[in-house]
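Data block for start_19.tsv (TSV, C-alpha atoms):
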```tsv
chain	number	residue	atom	x	y	z
A	1	MET	CA	17.70	-6.94	-4.33
A	2	ASN	CA	17.91	-9.53	-1.56
A	3	ASP	CA	20.72	-7.70	0.23
A	4	SER	CA	18.83	-4.40	0.06
A	5	LEU	CA	15.65	-5.95	1.45
A	6	ARG	CA	17.57	-7.77	4.19
A	7	ASP	CA	19.31	-4.55	5.23
A	8	TRP	CA	16.07	-2.57	5.23
A	9	LEU	CA	14.18	-5.20	7.22
A	10	SER	CA	16.93	-5.49	9.82
A	11	THR	CA	16.15	-1.98	11.02
A	12	PHE	CA	12.67	-2.75	12.36
A	13	CYS	CA	11.14	-6.10	11.40
A	14	ALA	CA	12.01	-8.22	14.45
A	15	PRO	CA	8.52	-7.96	15.97
A	16	TYR	CA	6.91	-8.87	12.64
A	17	GLY	CA	8.89	-11.98	11.74
A	18	ILE	CA	9.01	-11.08	8.04
A	19	ASP	CA	11.95	-12.23	5.98
A	20	HIS	CA	13.29	-10.68	2.78
A	21	VAL	CA	11.82	-13.45	0.61
A	22	THR	CA	8.29	-12.82	1.91
A	23	LEU	CA	8.69	-9.09	1.49
A	24	ARG	CA	10.03	-9.50	-2.05
A	25	ARG	CA	7.08	-11.74	-2.94
A	26	CYS	CA	4.64	-9.16	-1.57
A	27	LEU	CA	6.32	-6.38	-3.54
A	28	VAL	CA	6.03	-8.45	-6.73
A	29	ASP	CA	2.38	-9.27	-5.96
A	30	ALA	CA	1.69	-5.56	-5.44
A	31	GLN	CA	3.50	-4.88	-8.74
A	32	ILE	CA	5.94	-2.53	-7.03
A	33	LEU	CA	8.73	-4.84	-8.17
A	34	ARG	CA	8.82	-6.33	-11.64
A	35	ARG	CA	10.48	-9.72	-12.11
A	36	ASP	CA	11.82	-11.14	-15.36
A	37	ARG	CA	10.45	-14.49	-16.57
A	38	ALA	CA	13.44	-16.37	-15.18
A	39	GLY	CA	12.91	-14.78	-11.75
A	40	SER	CA	16.53	-13.70	-11.58
A	41	THR	CA	16.19	-9.95	-12.12
A	42	TYR	CA	13.96	-7.48	-10.27
A	43	ARG	CA	13.27	-3.84	-11.06
A	44	VAL	CA	11.28	-1.25	-9.15
A	45	ASP	CA	8.30	0.14	-11.05
A	46	PRO	CA	8.61	3.82	-10.02
A	47	LEU	CA	5.14	4.75	-11.29
A	48	ARG	CA	3.48	2.13	-9.07
A	49	LEU	CA	5.75	2.85	-6.14
A	50	TYR	CA	5.12	6.58	-5.95
A	51	ALA	CA	1.65	6.93	-7.41
A	52	GLU	CA	-0.14	4.25	-5.41
A	53	HIS	CA	1.97	3.73	-2.30
A	54	ALA	CA	2.99	7.18	-1.20
A	55	GLY	CA	2.53	7.53	2.53
A	56	VAL	CA	2.36	3.78	3.22
A	57	ASP	CA	3.41	2.96	6.76
A	58	PRO	CA	5.99	0.13	6.55
A	59	ALA	CA	5.15	-1.14	10.04
A	60	GLN	CA	1.46	-1.37	9.20
A	61	LEU	CA	2.21	-3.10	5.92
A	62	LEU	CA	4.46	-5.64	7.63
A	63	ALA	CA	1.81	-6.30	10.28
A	64	GLU	CA	-0.70	-7.01	7.50
A	65	VAL	CA	1.79	-9.31	5.74
A	66	ALA	CA	2.42	-11.17	9.02
A	67	ALA	CA	-1.31	-11.62	9.61
A	68	ASP	CA	-1.77	-12.88	6.06
A	69	ARG	CA	1.11	-15.31	6.52
A	70	VAL	CA	-0.45	-16.72	9.72
A	71	ALA	CA	-3.80	-17.12	7.94
A	72	ARG	CA	-2.15	-18.98	5.04
A	73	LYS	CA	-0.33	-21.31	7.46
A	74	ARG	CA	-3.58	-22.06	9.29
A	75	ALA	CA	-5.40	-22.74	6.02
A	76	HIS	CA	-2.59	-25.02	4.87
A	77	ALA	CA	-2.56	-26.89	8.19
A	78	SER	CA	-6.33	-27.43	8.08
A	79	GLN	CA	-6.11	-28.78	4.52
A	80	ALA	CA	-3.34	-31.19	5.51
A	81	SER	CA	-5.32	-32.70	8.37
```

How does the structure come out when it is put into C-alpha cells?
Amino acid sequence: MNDSLRDWLSTFCAPYGIDHVTLRRCLVDAQILRRDRAGSTYRVDPLRLYAEHAGVDPAQLLAEVAADRVARKRAHASQAS
C-alpha cells in the first residue's frame, strides 16, 4: 500500500506537501481503505470508493488535506504554548 501511494503522489503532490502516510490516514478516516486491527494490512472498500467518491478531484482533495494539516499544527502549537 505504501509503495502504491508513494508512486501515485509522486506524480503531482509536490505543491501540496502531502506524504503517503498522511494520505493513507485520510483514506482510512474516509473509510475508503479498511485496516486490520494490527494496522498491518489495508484493503480498498470498493463500495465506498466508487459510490461516494466518484468524480473527486485529487488535487482539490490534497489541498483540503494540506489545509487541515496546517490547522492541526497551529492548534497543537497554541496548546503547547

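Atom to atom, atom CA of A:Gln31 and atom CA of A:Arg72 stand 20.5 Å apart.
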
Could you jot down the atom CA of A:Thr11 to atom CA of A:Ala63 separation for me, Å, one decimal place? 15.0 Å

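Of the residues under consideration (A:Arg37, A:Leu47, A:Asp29, A:Tyr42), A:Asp29 shows the shortest atom-to-atom contact distance to A:Val65 when counting only C-alpha atoms.
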
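The gap separating atom CA of A:Ser4 from atom CA of A:Val70 is 24.8 Å, in Å to one decimal.
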
Min atom-atom distance to A:Arg35 from the set A:Ala75, A:Met1, A:Ala66, A:Ala59, counting all atoms listed in the file, belongs to A:Met1

Protein, DNA and RNA residues within 12 Å of (8.0, -5.1, -12.3), only C-alpha atoms, as a PyMOL selection string: chain A and resi 24-37+39+41-49

Using only C-alpha atoms, please write the residues we just selected to a file, as a CSV table (one decimal), in the frame of the given file.
```csv
chain,number,residue,atom,x,y,z
A,24,ARG,CA,10.0,-9.5,-2.0
A,25,ARG,CA,7.1,-11.7,-2.9
A,26,CYS,CA,4.6,-9.2,-1.6
A,27,LEU,CA,6.3,-6.4,-3.5
A,28,VAL,CA,6.0,-8.4,-6.7
A,29,ASP,CA,2.4,-9.3,-6.0
A,30,ALA,CA,1.7,-5.6,-5.4
A,31,GLN,CA,3.5,-4.9,-8.7
A,32,ILE,CA,5.9,-2.5,-7.0
A,33,LEU,CA,8.7,-4.8,-8.2
A,34,ARG,CA,8.8,-6.3,-11.6
A,35,ARG,CA,10.5,-9.7,-12.1
A,36,ASP,CA,11.8,-11.1,-15.4
A,37,ARG,CA,10.4,-14.5,-16.6
A,39,GLY,CA,12.9,-14.8,-11.8
A,41,THR,CA,16.2,-10.0,-12.1
A,42,TYR,CA,14.0,-7.5,-10.3
A,43,ARG,CA,13.3,-3.8,-11.1
A,44,VAL,CA,11.3,-1.2,-9.2
A,45,ASP,CA,8.3,0.1,-11.0
A,46,PRO,CA,8.6,3.8,-10.0
A,47,LEU,CA,5.1,4.8,-11.3
A,48,ARG,CA,3.5,2.1,-9.1
A,49,LEU,CA,5.8,2.8,-6.1
```

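Using all atoms listed in the file for every distance, the candidate list A:Leu5, A:Ile18, A:Ala80, A:Ala38 yields A:Ile18 as the residue closest to A:Leu62.
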
Put stretch 57-80 of chain A into a file with N, CA and C atoms, as a PDB file, in the first residue's frame.
```pdb
ATOM      1  N   ASP A  57     -11.848  15.250  -7.289  1.00  0.00           N
ATOM      2  CA  ASP A  57     -10.641  15.819  -7.872  1.00  0.00           C
ATOM      3  C   ASP A  57      -9.483  15.622  -6.896  1.00  0.00           C
ATOM      4  N   PRO A  58      -8.483  14.793  -7.247  1.00  0.00           N
ATOM      5  CA  PRO A  58      -7.381  14.538  -6.314  1.00  0.00           C
ATOM      6  C   PRO A  58      -6.663  15.807  -5.870  1.00  0.00           C
ATOM      7  N   ALA A  59      -6.469  16.745  -6.772  1.00  0.00           N
ATOM      8  CA  ALA A  59      -5.774  17.984  -6.405  1.00  0.00           C
ATOM      9  C   ALA A  59      -6.568  18.770  -5.369  1.00  0.00           C
ATOM     10  N   GLN A  60      -7.864  18.833  -5.533  1.00  0.00           N
ATOM     11  CA  GLN A  60      -8.702  19.537  -4.561  1.00  0.00           C
ATOM     12  C   GLN A  60      -8.674  18.818  -3.217  1.00  0.00           C
ATOM     13  N   LEU A  61      -8.759  17.513  -3.239  1.00  0.00           N
ATOM     14  CA  LEU A  61      -8.711  16.732  -2.011  1.00  0.00           C
ATOM     15  C   LEU A  61      -7.390  16.937  -1.286  1.00  0.00           C
ATOM     16  N   LEU A  62      -6.282  16.919  -2.018  1.00  0.00           N
ATOM     17  CA  LEU A  62      -4.983  17.131  -1.390  1.00  0.00           C
ATOM     18  C   LEU A  62      -4.843  18.546  -0.838  1.00  0.00           C
ATOM     19  N   ALA A  63      -5.406  19.529  -1.516  1.00  0.00           N
ATOM     20  CA  ALA A  63      -5.380  20.897  -0.999  1.00  0.00           C
ATOM     21  C   ALA A  63      -6.152  20.983   0.315  1.00  0.00           C
ATOM     22  N   GLU A  64      -7.280  20.289   0.400  1.00  0.00           N
ATOM     23  CA  GLU A  64      -8.061  20.268   1.639  1.00  0.00           C
ATOM     24  C   GLU A  64      -7.300  19.563   2.756  1.00  0.00           C
ATOM     25  N   VAL A  65      -6.631  18.466   2.423  1.00  0.00           N
ATOM     26  CA  VAL A  65      -5.831  17.739   3.413  1.00  0.00           C
ATOM     27  C   VAL A  65      -4.702  18.625   3.915  1.00  0.00           C
ATOM     28  N   ALA A  66      -4.033  19.338   3.005  1.00  0.00           N
ATOM     29  CA  ALA A  66      -2.940  20.232   3.394  1.00  0.00           C
ATOM     30  C   ALA A  66      -3.438  21.340   4.310  1.00  0.00           C
ATOM     31  N   ALA A  67      -4.585  21.913   4.006  1.00  0.00           N
ATOM     32  CA  ALA A  67      -5.148  22.972   4.843  1.00  0.00           C
ATOM     33  C   ALA A  67      -5.509  22.433   6.224  1.00  0.00           C
ATOM     34  N   ASP A  68      -6.064  21.228   6.265  1.00  0.00           N
ATOM     35  CA  ASP A  68      -6.400  20.606   7.540  1.00  0.00           C
ATOM     36  C   ASP A  68      -5.145  20.334   8.361  1.00  0.00           C
ATOM     37  N   ARG A  69      -4.100  19.904   7.686  1.00  0.00           N
ATOM     38  CA  ARG A  69      -2.829  19.627   8.369  1.00  0.00           C
ATOM     39  C   ARG A  69      -2.244  20.894   8.988  1.00  0.00           C
ATOM     40  N   VAL A  70      -2.283  22.008   8.258  1.00  0.00           N
ATOM     41  CA  VAL A  70      -1.796  23.290   8.775  1.00  0.00           C
ATOM     42  C   VAL A  70      -2.622  23.708   9.988  1.00  0.00           C
ATOM     43  N   ALA A  71      -3.935  23.545   9.904  1.00  0.00           N
ATOM     44  CA  ALA A  71      -4.810  23.911  11.023  1.00  0.00           C
ATOM     45  C   ALA A  71      -4.498  23.069  12.261  1.00  0.00           C
ATOM     46  N   ARG A  72      -4.258  21.769  12.064  1.00  0.00           N
ATOM     47  CA  ARG A  72      -3.921  20.901  13.210  1.00  0.00           C
ATOM     48  C   ARG A  72      -2.591  21.306  13.825  1.00  0.00           C
ATOM     49  N   LYS A  73      -1.607  21.655  12.999  1.00  0.00           N
ATOM     50  CA  LYS A  73      -0.307  22.083  13.519  1.00  0.00           C
ATOM     51  C   LYS A  73      -0.445  23.378  14.322  1.00  0.00           C
ATOM     52  N   ARG A  74      -1.243  24.308  13.808  1.00  0.00           N
ATOM     53  CA  ARG A  74      -1.456  25.563  14.536  1.00  0.00           C
ATOM     54  C   ARG A  74      -2.150  25.315  15.878  1.00  0.00           C
ATOM     55  N   ALA A  75      -3.147  24.446  15.861  1.00  0.00           N
ATOM     56  CA  ALA A  75      -3.874  24.136  17.098  1.00  0.00           C
ATOM     57  C   ALA A  75      -2.939  23.474  18.100  1.00  0.00           C
ATOM     58  N   HIS A  76      -2.098  22.574  17.628  1.00  0.00           N
ATOM     59  CA  HIS A  76      -1.147  21.895  18.502  1.00  0.00           C
ATOM     60  C   HIS A  76      -0.140  22.889  19.074  1.00  0.00           C
ATOM     61  N   ALA A  77       0.355  23.799  18.236  1.00  0.00           N
ATOM     62  CA  ALA A  77       1.328  24.793  18.677  1.00  0.00           C
ATOM     63  C   ALA A  77       0.730  25.734  19.723  1.00  0.00           C
ATOM     64  N   SER A  78      -0.540  26.092  19.537  1.00  0.00           N
ATOM     65  CA  SER A  78      -1.167  27.006  20.504  1.00  0.00           C
ATOM     66  C   SER A  78      -1.442  26.304  21.824  1.00  0.00           C
ATOM     67  N   GLN A  79      -1.676  24.996  21.799  1.00  0.00           N
ATOM     68  CA  GLN A  79      -1.884  24.241  23.039  1.00  0.00           C
ATOM     69  C   GLN A  79      -0.567  24.070  23.801  1.00  0.00           C
ATOM     70  N   ALA A  80       0.521  23.962  23.061  1.00  0.00           N
ATOM     71  CA  ALA A  80       1.832  23.741  23.677  1.00  0.00           C
ATOM     72  C   ALA A  80       2.369  25.008  24.345  1.00  0.00           C
TER      73      ALA A  80
END
```
